[in-house]
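With compact mmCIF, C-alpha atoms and all ligand atoms inside, this is run_10.txt:
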# COMPACT_ATOMS: atom_id res chain seq x y z
CA MET A 1 0.38 8.04 -32.72
CA LYS A 2 -0.58 10.64 -30.08
CA LYS A 3 -0.21 8.00 -27.35
CA PHE A 4 3.19 6.97 -28.71
CA LEU A 5 4.36 10.62 -28.69
CA LYS A 6 3.06 11.04 -25.13
CA ILE A 7 5.06 7.99 -24.00
CA LEU A 8 8.12 9.23 -25.92
CA VAL A 9 8.20 12.68 -24.31
CA HIS A 10 7.48 11.29 -20.84
CA PRO A 11 10.33 12.17 -18.43
CA VAL A 12 10.88 8.51 -17.49
CA THR A 13 11.27 7.53 -21.18
CA MET A 14 13.59 10.49 -21.79
CA ILE A 15 15.82 9.61 -18.84
CA SER A 16 15.87 5.94 -19.91
CA LEU A 17 16.93 7.00 -23.43
CA VAL A 18 19.67 9.19 -21.98
CA GLN A 19 20.83 6.16 -19.98
CA VAL A 20 21.03 4.06 -23.14
CA ALA A 21 22.90 6.89 -24.92
CA TRP A 22 25.43 7.10 -22.08
CA THR A 23 26.02 3.37 -22.10
CA VAL A 24 26.50 3.24 -25.89
CA ALA A 25 28.86 6.25 -25.70
CA LEU A 26 30.84 4.52 -22.97
CA ILE A 27 31.21 1.32 -25.01
CA PHE A 28 32.41 3.30 -28.06
CA TRP A 29 34.79 5.27 -25.90
CA ILE A 30 36.34 2.10 -24.43
CA LEU A 31 36.66 0.54 -27.91
CA PHE A 32 38.23 3.76 -29.23
CA PHE A 33 40.65 3.92 -26.31
CA ILE A 34 41.71 0.28 -26.70
CA GLY A 35 42.19 0.81 -30.47
CA ARG A 36 44.36 3.88 -29.79
CA TYR A 37 46.28 2.05 -27.09
CA ASN A 38 47.14 -0.77 -29.48
CA GLN A 39 48.38 1.81 -32.02
CA VAL A 40 50.51 3.43 -29.34
CA VAL A 41 51.94 0.03 -28.35
CA GLU A 42 52.91 -0.62 -32.00
CA LEU A 43 54.47 2.86 -32.26
CA ALA A 44 56.36 2.32 -29.02
CA GLU A 45 57.70 -1.01 -30.21
CA SER A 46 59.00 0.59 -33.41
CA THR A 47 60.70 3.47 -31.54
CA GLY A 48 61.90 1.46 -28.54
CA ALA A 49 59.87 3.53 -26.00
CA ARG A 50 57.73 2.07 -23.20
CA PRO A 51 53.95 2.27 -24.02
CA GLN A 52 53.04 3.24 -20.40
CA ASP A 53 55.24 6.35 -20.80
CA LEU A 54 53.20 7.42 -23.83
CA VAL A 55 49.65 6.71 -22.68
CA SER A 56 47.95 6.32 -19.30
CA TRP A 57 44.92 4.19 -18.35
CA ALA A 58 43.98 6.67 -15.63
CA PRO A 59 41.58 8.84 -17.74
CA LEU A 60 39.72 5.71 -18.86
CA VAL A 61 39.35 4.33 -15.33
CA VAL A 62 38.28 7.71 -13.91
CA GLY A 63 35.87 8.22 -16.84
CA ILE A 64 34.32 4.79 -16.36
CA LEU A 65 33.94 5.37 -12.62
CA LEU A 66 32.22 8.71 -13.27
CA LEU A 67 29.86 7.16 -15.78
CA VAL A 68 29.05 4.33 -13.39
CA PHE A 69 28.08 6.95 -10.78
CA ILE A 70 25.94 8.80 -13.31
CA PHE A 71 24.37 5.52 -14.36
CA GLY A 72 23.56 4.57 -10.75
CA GLY A 73 22.19 8.04 -10.01
CA THR A 74 19.90 8.12 -13.00
CA LEU A 75 18.68 4.60 -12.27
CA VAL A 76 17.62 5.72 -8.79
CA LEU A 77 15.95 8.76 -10.38
CA ILE A 78 14.06 6.57 -12.86
CA LEU A 79 12.81 4.32 -10.07
CA TYR A 80 11.75 7.33 -8.00
CA LEU A 81 9.97 8.99 -10.95
CA SER A 82 8.18 5.77 -11.87
CA ARG A 83 6.97 5.44 -8.25
CA GLN A 84 5.75 9.06 -8.28
CA TYR A 85 4.03 8.52 -11.61
CA ILE A 86 2.17 5.45 -10.32
CA LEU A 87 1.27 7.26 -7.08
CA ASN A 88 -0.08 10.19 -9.06
CA ARG A 89 -2.24 7.91 -11.20
CA GLN A 90 -3.51 6.07 -8.12
CA MET A 91 -4.28 9.39 -6.45
CA LYS A 92 -6.46 10.42 -9.40
CA ILE A 93 -8.40 7.15 -9.12
CA PHE A 94 -8.67 7.73 -5.37
CA MET A 95 -10.04 11.27 -5.87
CA SER A 96 -12.78 10.14 -8.20
CA PHE A 97 -13.63 7.19 -5.94
CA ILE A 98 -13.70 9.23 -2.76
CA SER A 99 -15.81 12.05 -4.24
CA HIS A 100 -18.36 9.44 -5.25
CA GLU A 101 -18.16 7.75 -1.84
CA LEU A 102 -18.74 11.07 -0.05
CA ARG A 103 -21.48 12.32 -2.34
CA THR A 104 -23.64 9.17 -2.27
CA PRO A 105 -24.51 9.23 1.46
CA LEU A 106 -24.94 13.02 1.37
CA THR A 107 -27.39 12.77 -1.54
CA SER A 108 -29.27 10.05 0.29
CA ILE A 109 -29.48 12.11 3.52
CA ARG A 110 -30.72 15.12 1.60
CA LEU A 111 -33.37 13.07 -0.18
CA LEU A 112 -34.62 11.60 3.09
CA LEU A 113 -34.73 15.04 4.74
CA GLU A 114 -36.69 16.50 1.81
CA THR A 115 -39.15 13.62 2.00
CA MET A 116 -39.59 14.20 5.73
CA ARG A 117 -40.11 17.93 5.21
CA ASP A 118 -42.65 17.56 2.40
CA ASN A 119 -44.67 14.61 3.71
CA LYS A 120 -46.46 13.73 6.90
CA LEU A 121 -44.83 10.46 7.99
CA ASN A 122 -46.04 8.00 10.58
CA PRO A 123 -43.70 7.31 13.54
CA GLU A 124 -42.41 3.96 12.10
CA GLN A 125 -41.52 5.53 8.77
CA GLU A 126 -39.88 8.40 10.56
CA ALA A 127 -37.81 6.01 12.70
CA GLU A 128 -36.77 4.06 9.58
CA PHE A 129 -35.71 7.27 7.82
CA ILE A 130 -33.71 8.37 10.82
CA ASP A 131 -31.97 4.95 10.99
CA ASN A 132 -31.07 5.23 7.30
CA MET A 133 -29.66 8.70 7.82
CA LEU A 134 -27.65 7.52 10.81
CA GLN A 135 -26.20 4.68 8.70
CA ASP A 136 -25.26 7.20 6.02
CA THR A 137 -23.59 9.50 8.54
CA ASP A 138 -21.70 6.49 9.97
CA ARG A 139 -20.44 5.69 6.49
CA LEU A 140 -19.35 9.30 5.99
CA THR A 141 -17.66 9.41 9.38
CA ARG A 142 -15.75 6.18 8.64
CA ARG A 143 -14.56 7.45 5.26
CA ILE A 144 -13.50 10.85 6.59
CA GLY A 145 -11.88 9.12 9.59
CA SER A 146 -9.73 6.94 7.33
CA ILE A 147 -8.68 9.93 5.19
CA LEU A 148 -7.69 11.79 8.37
CA SER A 149 -5.79 8.81 9.79
CA ALA A 150 -3.92 8.23 6.52
CA SER A 151 -2.97 11.89 6.28
CA ARG A 152 -1.83 11.97 9.93
CA LEU A 153 0.19 8.79 9.47
CA GLU A 154 1.78 10.27 6.36
CA ARG A 155 2.92 13.25 8.43
CA ARG A 156 3.69 11.01 11.45
CA LEU A 157 1.16 12.94 13.51
CA LEU A 158 -1.27 10.21 14.54
CA PRO A 159 -1.54 10.55 18.33
CA MET A 160 -1.17 7.24 20.15
CA ARG A 161 -2.23 6.33 23.68
CA GLN A 162 0.04 4.00 25.65
CA GLU A 163 -2.03 1.54 27.67
CA ILE A 164 -1.66 -2.08 28.63
CA ILE A 165 -4.23 -3.91 26.53
CA SER A 166 -5.44 -7.51 26.71
CA LEU A 167 -5.45 -8.26 23.02
CA ASP A 168 -7.54 -11.42 23.50
CA LEU A 169 -10.27 -9.42 25.27
CA LEU A 170 -10.12 -6.72 22.60
CA VAL A 171 -10.66 -9.37 19.90
CA GLU A 172 -13.52 -10.97 21.86
CA ARG A 173 -15.23 -7.61 22.35
CA PHE A 174 -14.75 -6.76 18.68
CA VAL A 175 -16.26 -10.04 17.53
CA GLN A 176 -19.21 -9.75 19.92
CA GLY A 177 -19.89 -6.20 18.79
CA ARG A 178 -19.65 -6.92 15.07
CA LYS A 179 -20.91 -10.51 14.82
CA THR A 180 -24.51 -9.60 13.95
CA ALA A 181 -23.54 -7.05 11.29
CA ILE A 182 -20.96 -9.40 9.71
CA GLU A 183 -23.37 -12.33 9.72
CA SER A 184 -26.22 -10.31 8.28
CA ALA A 185 -23.82 -9.33 5.46
CA GLY A 186 -23.46 -13.07 4.76
CA HIS A 187 -20.19 -14.12 6.47
CA ARG A 188 -19.40 -16.26 9.46
CA VAL A 189 -16.85 -14.79 11.85
CA ILE A 190 -15.01 -17.23 14.10
CA ALA A 191 -12.63 -16.26 16.92
CA ARG A 192 -10.48 -19.31 17.61
CA ASP A 193 -7.50 -20.14 19.85
CA LEU A 194 -7.28 -16.74 21.50
CA SER A 195 -4.21 -17.03 23.74
CA PRO A 196 -3.96 -14.40 26.48
CA ALA A 197 -1.66 -11.63 25.27
CA ALA A 198 -0.99 -8.22 26.79
CA VAL A 199 0.48 -5.50 24.59
CA ILE A 200 1.14 -1.79 25.04
CA GLY A 201 -0.70 0.59 22.76
CA ASP A 202 -3.83 2.43 21.76
CA PRO A 203 -6.97 0.26 22.00
CA GLU A 204 -8.91 2.37 19.47
CA GLN A 205 -6.13 2.14 16.91
CA LEU A 206 -5.71 -1.61 17.39
CA GLU A 207 -9.46 -2.03 17.01
CA SER A 208 -9.31 -0.09 13.76
CA VAL A 209 -6.52 -2.45 12.57
CA LEU A 210 -8.81 -5.40 13.26
CA GLY A 211 -11.77 -3.55 11.72
CA ASN A 212 -9.87 -2.88 8.49
CA LEU A 213 -8.62 -6.45 8.19
CA VAL A 214 -12.06 -7.93 8.83
CA ALA A 215 -13.70 -5.43 6.42
CA ASN A 216 -11.24 -6.56 3.73
CA ALA A 217 -11.90 -10.22 4.52
CA GLU A 218 -15.63 -9.52 4.06
CA ARG A 219 -15.19 -7.50 0.88
CA TYR A 220 -12.76 -9.83 -0.87
CA SER A 221 -14.35 -13.20 -0.11
CA PRO A 222 -17.58 -14.83 -1.28
CA THR A 223 -20.76 -14.62 0.78
CA GLY A 224 -21.16 -17.56 3.13
CA SER A 225 -17.43 -18.10 3.65
CA ASP A 226 -15.69 -18.09 7.03
CA ILE A 227 -13.52 -15.33 8.49
CA THR A 228 -11.25 -16.74 11.20
CA ILE A 229 -9.49 -14.59 13.77
CA SER A 230 -6.86 -16.17 16.01
CA LEU A 231 -4.25 -14.98 18.47
CA SER A 232 -1.09 -16.76 19.54
CA THR A 233 2.15 -15.85 21.29
CA LEU A 234 5.67 -16.82 20.36
CA GLY A 235 8.76 -15.61 22.21
CA ARG A 236 8.26 -11.91 22.82
CA TRP A 237 5.60 -11.49 20.13
CA ALA A 238 1.84 -11.72 19.96
CA ALA A 239 0.54 -12.77 16.52
CA LEU A 240 -2.97 -11.79 15.55
CA SER A 241 -4.19 -13.35 12.32
CA VAL A 242 -7.26 -12.75 10.18
CA ARG A 243 -7.89 -15.45 7.60
CA ASP A 244 -10.46 -15.53 4.82
CA GLU A 245 -11.39 -17.94 2.05
CA GLY A 246 -11.62 -15.29 -0.64
CA ILE A 247 -10.04 -14.16 -3.90
CA GLY A 248 -6.48 -14.37 -2.52
CA ILE A 249 -3.55 -12.15 -3.50
CA ALA A 250 -0.94 -12.88 -6.16
CA TRP A 251 2.57 -13.25 -4.71
CA HIS A 252 3.89 -10.14 -6.48
CA GLU A 253 1.18 -8.03 -4.79
CA LEU A 254 1.66 -9.30 -1.24
CA ARG A 255 3.85 -6.32 -0.29
CA LYS A 256 2.31 -3.75 -2.63
CA VAL A 257 -1.13 -3.96 -0.98
CA PHE A 258 0.20 -1.92 1.96
CA ARG A 259 1.06 1.07 -0.24
CA LEU A 260 -0.95 4.28 -0.09
CA PHE A 261 -3.89 4.27 -2.58
CA TYR A 262 -2.98 0.79 -3.81
CA ARG A 263 -5.95 -1.22 -5.07
CA GLY A 264 -5.14 -4.74 -6.12
CA GLU A 265 -5.25 -6.38 -9.50
CA SER A 266 -6.01 -9.86 -8.14
CA GLY A 267 -9.47 -11.28 -8.62
CA GLY A 268 -10.26 -9.37 -11.82
CA ASP A 269 -12.34 -6.26 -12.46
CA SER A 270 -15.59 -7.66 -11.11
CA ILE A 271 -14.41 -7.10 -7.52
CA LYS A 272 -15.68 -3.95 -5.82
CA ARG A 273 -12.63 -2.28 -4.35
CA GLY A 274 -12.34 0.56 -1.87
CA SER A 275 -10.18 3.65 -1.61
CA GLY A 276 -6.83 1.90 -1.07
CA LEU A 277 -6.27 3.47 2.36
CA GLY A 278 -7.18 0.57 4.67
CA LEU A 279 -3.96 -1.47 4.66
CA TYR A 280 -1.79 1.65 4.55
CA ILE A 281 -3.43 2.69 7.84
CA VAL A 282 -3.07 -0.84 9.25
CA LYS A 283 0.66 -0.89 8.46
CA GLY A 284 1.16 2.64 9.84
CA ILE A 285 -0.60 1.86 13.13
CA VAL A 286 1.18 -1.50 13.55
CA GLU A 287 4.54 0.15 12.95
CA GLN A 288 3.68 2.88 15.49
CA HIS A 289 3.22 -0.03 17.92
CA HIS A 290 6.70 -1.36 16.95
CA GLY A 291 5.12 -4.35 15.25
CA LYS A 292 4.92 -5.70 11.72
CA VAL A 293 2.16 -6.86 9.45
CA THR A 294 2.38 -9.34 6.59
CA ALA A 295 -0.01 -10.74 4.00
CA ARG A 296 0.11 -14.42 3.10
CA SER A 297 -1.77 -16.18 0.35
CA GLN A 298 -1.34 -19.43 -1.55
CA GLY A 299 -2.41 -17.51 -4.68
CA ILE A 300 -5.47 -16.32 -6.56
CA GLY A 301 -8.70 -17.87 -5.29
CA LYS A 302 -6.97 -19.50 -2.34
CA GLY A 303 -7.81 -17.07 0.46
CA THR A 304 -5.62 -14.64 2.37
CA THR A 305 -4.23 -14.43 5.88
CA PHE A 306 -3.03 -11.18 7.40
CA VAL A 307 -0.73 -11.58 10.39
CA VAL A 308 -0.11 -8.68 12.77
CA GLN A 309 2.83 -9.17 15.14
CA LEU A 310 3.05 -6.95 18.20
CA PRO A 311 5.63 -6.96 21.00
CA LEU A 312 4.24 -8.39 24.24
CA ALA A 313 3.98 -5.94 27.15
CA ASN A 314 6.07 -8.09 29.50
CA GLY A 315 8.58 -9.03 26.81
CA LYS A 316 7.67 -12.73 26.76
CA SER A 317 4.63 -15.02 26.42
CA GLU A 318 2.83 -16.15 29.58
P1 LIG B 1 -10.39 0.77 1.75
O1 LIG B 1 -9.97 -0.29 2.74
O2 LIG B 1 -9.60 2.03 1.93
O3 LIG B 1 -11.84 0.99 1.69
P2 LIG B 1 -9.31 -1.11 -0.18
O4 LIG B 1 -9.92 -2.27 0.54
O5 LIG B 1 -9.29 -1.18 -1.67
O6 LIG B 1 -9.99 0.25 0.28
P3 LIG B 1 -6.89 -1.72 1.23
O7 LIG B 1 -7.66 -2.23 2.40
O8 LIG B 1 -5.69 -0.89 1.50
O9 LIG B 1 -7.81 -0.87 0.27
O10 LIG B 1 -6.45 -2.96 0.35
C1 LIG B 1 -5.64 -2.74 -0.80
C2 LIG B 1 -5.89 -3.84 -1.82
O11 LIG B 1 -5.42 -5.09 -1.31
C3 LIG B 1 -7.36 -4.06 -2.13
O12 LIG B 1 -7.81 -3.20 -3.18
C4 LIG B 1 -7.38 -5.53 -2.55
O13 LIG B 1 -7.09 -5.66 -3.91
C5 LIG B 1 -6.23 -6.16 -1.75
N1 LIG B 1 -6.74 -6.87 -0.55
C6 LIG B 1 -6.80 -6.40 0.70
N2 LIG B 1 -7.29 -7.32 1.55
C7 LIG B 1 -7.53 -8.43 0.80
C8 LIG B 1 -8.04 -9.74 1.10
N3 LIG B 1 -8.41 -10.08 2.34
N4 LIG B 1 -8.13 -10.62 0.08
C9 LIG B 1 -7.75 -10.28 -1.17
N5 LIG B 1 -7.28 -9.05 -1.52
C10 LIG B 1 -7.16 -8.14 -0.55
MG MG B 2 -9.78 -2.26 2.72

Step by step, read the file and then write its structure as structure tokens.
Ligand code: ATP
Ligand code: MG
Amino acid sequence: MKKFLKILVHPVTMISLVQVAWTVALIFWILFFIGRYNQVVELAESTGARPQDLVSWAPLVVGILLLVFIFGGTLVLILYLSRQYILNRQMKIFMSFISHELRTPLTSIRLLLETMRDNKLNPEQEAEFIDNMLQDTDRLTRRIGSILSASRLERRLLPMRQEIISLDLLVERFVQGRKTAIESAGHRVIARDLSPAAVIGDPEQLESVLGNLVANAERYSPTGSDITISLSTLGRWAALSVRDEGIGIAWHELRKVFRLFYRGESGGDSIKRGSGLGLYIVKGIVEQHHGKVTARSQGIGKGTTFVVQLPLANGKSE
């Protein structure tokens, strides 16, 4: 009952009800007007006057036009409010997720420091503790970095360097640098068919695009499966694709996944999801580079391919 009342007094429900009321009122008004018009026609016939001299259609037409405008306006408002409502809910989930994500490494660092302070450790143990703390600080830095990037993108303040970059070399370097970590986490990363492609942009940002896409491919696909990165050129575009053999994305989510805080529904609840910032950052950076990014998937369980298209530096493929 309480839930029902909450839904009933929700602004979106109220506005929708007002919409229905307007529409019903409009229908009655038209019926009333037509009824009256017919009466006037009968009266005119009996007195020999012309009906159009007695009644005009103008108020009805103007009234209907006004109501159509109101209807359109409120529809836009409903859509906007629903979006805001969903965003607000996703932000609450994000806040609880991110507080947990920030607290866990901090707690771990504190625990390790306390152990080091209170116990005499041998050099190997000490080195292991320091490595663990460094991993935790890396995790914190990555998380804070993505919050910062998302907030700067939101305010269109993410600074971007303009350099000529060999995308194929950037991919090769990325794969070499990350291969061991990705393979020790149980995936095989394959860089295949890397066509030479020069683009203009910020190498760090493009590396973070690749990093986010590969991190997703790792997170949303089963251990042991392949992650394939390829690069081709077509016309004046370079197309970088990251393909996995994972949980896939339902067709109705293919565009939504790029929204701020969006965490997918595909694959069920057993999947460990992140903060919902990654693809928002990817899209923002790609758009800053005048490119576009799309997600493709044959459906749930059938893997996903993300394709990033960037304009070539010389305007055409080599
Ligand atoms: P973050 O990257 O910020 O740690 P996240 O991975 O949940 O968190 P995004 O990278 O923005 O956020 O992805 C949004 C959603 O898109 C994910 O929650 C997931 O449901 C879906 N998704 C992204 N990449 C894939 C993929 N390769 N396969 C299947 N689903 C994916
Ligand atoms: Mg992600």

Can you list every residue of chain A that has an atom at most 9 Å from ligand LIG 1 (chain B), with its nearest atom pair and the distance in Å to one decimal, using only C-alpha atoms and all ligand atoms, ordered by chain then number, as CSV?
residue,atom,partner,partner_atom,distance
A:Arg143,CA,B:LIG1,O3,7.9
A:Ser146,CA,B:LIG1,O2,7.3
A:Ile147,CA,B:LIG1,O2,8.6
A:Asn212,CA,B:LIG1,O1,6.3
A:Leu213,CA,B:LIG1,N2,6.8
A:Val214,CA,B:LIG1,N3,7.8
A:Ala215,CA,B:LIG1,O1,7.3
A:Asn216,CA,B:LIG1,N2,4.6
A:Ala217,CA,B:LIG1,N3,4.1
A:Glu218,CA,B:LIG1,N3,7.4
A:Arg219,CA,B:LIG1,N3,7.4
A:Tyr220,CA,B:LIG1,N4,4.8
A:Ser221,CA,B:LIG1,N4,6.7
A:Val242,CA,B:LIG1,N3,8.4
A:Arg243,CA,B:LIG1,N3,7.5
A:Asp244,CA,B:LIG1,N3,6.3
A:Glu245,CA,B:LIG1,N4,8.3
A:Gly246,CA,B:LIG1,N4,5.9
A:Ile247,CA,B:LIG1,C9,5.3
A:Gly248,CA,B:LIG1,C9,4.5
A:Ile249,CA,B:LIG1,C9,5.2
A:Ala250,CA,B:LIG1,N5,8.7
A:Glu253,CA,B:LIG1,O11,8.0
A:Leu254,CA,B:LIG1,O11,8.2
A:Lys256,CA,B:LIG1,O11,8.0
A:Val257,CA,B:LIG1,O11,4.4
A:Phe258,CA,B:LIG1,O8,6.0
A:Arg259,CA,B:LIG1,O8,7.2
A:Leu260,CA,B:LIG1,O8,7.2
A:Phe261,CA,B:LIG1,O8,6.8
A:Tyr262,CA,B:LIG1,C1,5.3
A:Arg263,CA,B:LIG1,O12,3.3
A:Gly264,CA,B:LIG1,O13,3.1
A:Glu265,CA,B:LIG1,O13,5.9
A:Ser266,CA,B:LIG1,O13,6.1
A:Gly267,CA,B:LIG1,O13,7.7
A:Ile271,CA,B:LIG1,O13,8.3
A:Lys272,CA,B:LIG1,O5,8.1
A:Arg273,CA,B:LIG1,O5,4.4
A:Gly274,CA,B:LIG1,O6,3.2
A:Ser275,CA,B:LIG1,O6,3.9
A:Gly276,CA,B:LIG1,O9,3.2
A:Leu277,CA,B:LIG1,O2,3.7
A:Gly278,CA,B:LIG1,O1,3.5
A:Leu279,CA,B:LIG1,O8,3.6
A:Tyr280,CA,B:LIG1,O8,5.6
A:Ile281,CA,B:LIG1,O8,7.6
A:Val282,CA,B:LIG1,O8,8.2
A:Ala295,CA,B:LIG1,N2,8.4
A:Ser297,CA,B:LIG1,N4,8.5
A:Ile300,CA,B:LIG1,C9,8.4
A:Gly301,CA,B:LIG1,C9,8.7
A:Gly303,CA,B:LIG1,N4,6.5
A:Thr304,CA,B:LIG1,N4,5.3
A:Thr305,CA,B:LIG1,N3,7.0
A:Phe306,CA,B:LIG1,N3,7.5

task = For atom CA of Trp22 of chain A and atom CA of Gly73 of chain A, determine how far apart the two atoms are, in Å to one decimal place.
result =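 Atom CA of Gly73 of chain A lies at a distance of 12.5 Å from atom CA of Trp22 of chain A.
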
inquiry  = Residues within 12 Å of Arg83 of chain A, please, as a list in words. Count all atoms listed in the file; anything in the same chain fewer than 3 positions from it doesn't count.
reply    = Val12, Val76, Leu77, Ile78, Leu79, Tyr80, Ile86, Leu87, Asn88, Arg89, Gln90, Lys256, Arg259, Leu260 and Tyr262 of chain A

ask   = Which neighbours of Val286 of chain A fall inside 9 Å, counting all atoms listed in the file, when residues of the same chain fewer than 2 positions from it are skipped, and could you give them as a VMD selection string?
value = chain A and resid 205 to 206 209 281 to 284 288 to 293 308 to 310

Would you output that residue set with C-alpha atoms, as an mmCIF file, in the coordinates of the input?
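Below is the file that was written, selection-v2.cif:
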data_model
loop_
_atom_site.group_PDB
_atom_site.id
_atom_site.type_symbol
_atom_site.label_atom_id
_atom_site.label_comp_id
_atom_site.auth_asym_id
_atom_site.auth_seq_id
_atom_site.Cartn_x
_atom_site.Cartn_y
_atom_site.Cartn_z
ATOM 1 C CA GLN A 205 -6.130 2.140 16.910
ATOM 2 C CA LEU A 206 -5.710 -1.610 17.390
ATOM 3 C CA VAL A 209 -6.520 -2.450 12.570
ATOM 4 C CA ILE A 281 -3.430 2.690 7.840
ATOM 5 C CA VAL A 282 -3.070 -0.840 9.250
ATOM 6 C CA LYS A 283 0.660 -0.890 8.460
ATOM 7 C CA GLY A 284 1.160 2.640 9.840
ATOM 8 C CA GLN A 288 3.680 2.880 15.490
ATOM 9 C CA HIS A 289 3.220 -0.030 17.920
ATOM 10 C CA HIS A 290 6.700 -1.360 16.950
ATOM 11 C CA GLY A 291 5.120 -4.350 15.250
ATOM 12 C CA LYS A 292 4.920 -5.700 11.720
ATOM 13 C CA VAL A 293 2.160 -6.860 9.450
ATOM 14 C CA VAL A 308 -0.110 -8.680 12.770
ATOM 15 C CA GLN A 309 2.830 -9.170 15.140
ATOM 16 C CA LEU A 310 3.050 -6.950 18.200
#

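Between atom CA of Gly35 of chain A and atom CA of Gly48 of chain A lies a distance of 19.8 Å.
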
request  = Grab the atom CA of Ser56 of chain A to atom CA of Tyr37 of chain A distance for me, in Å with one decimal place.
outcome  =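 Pair atom CA of Ser56 of chain A / atom CA of Tyr37 of chain A returns 9.0 Å.
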
query = Could you name the residues that touch segment 38-41 of chain A at 7 Å or less, counting all atoms listed in the file, but leaving out those on the same chain fewer than 4 positions away, as a PyMOL selection string?
reply = chain A and resi 34+45+51

key: Among listed residues A:Arg142, A:Ala238, A:Arg110, A:Asn314, nearest ligand MG 2 (chain B) (using all atoms listed in the file)   = A:Arg142
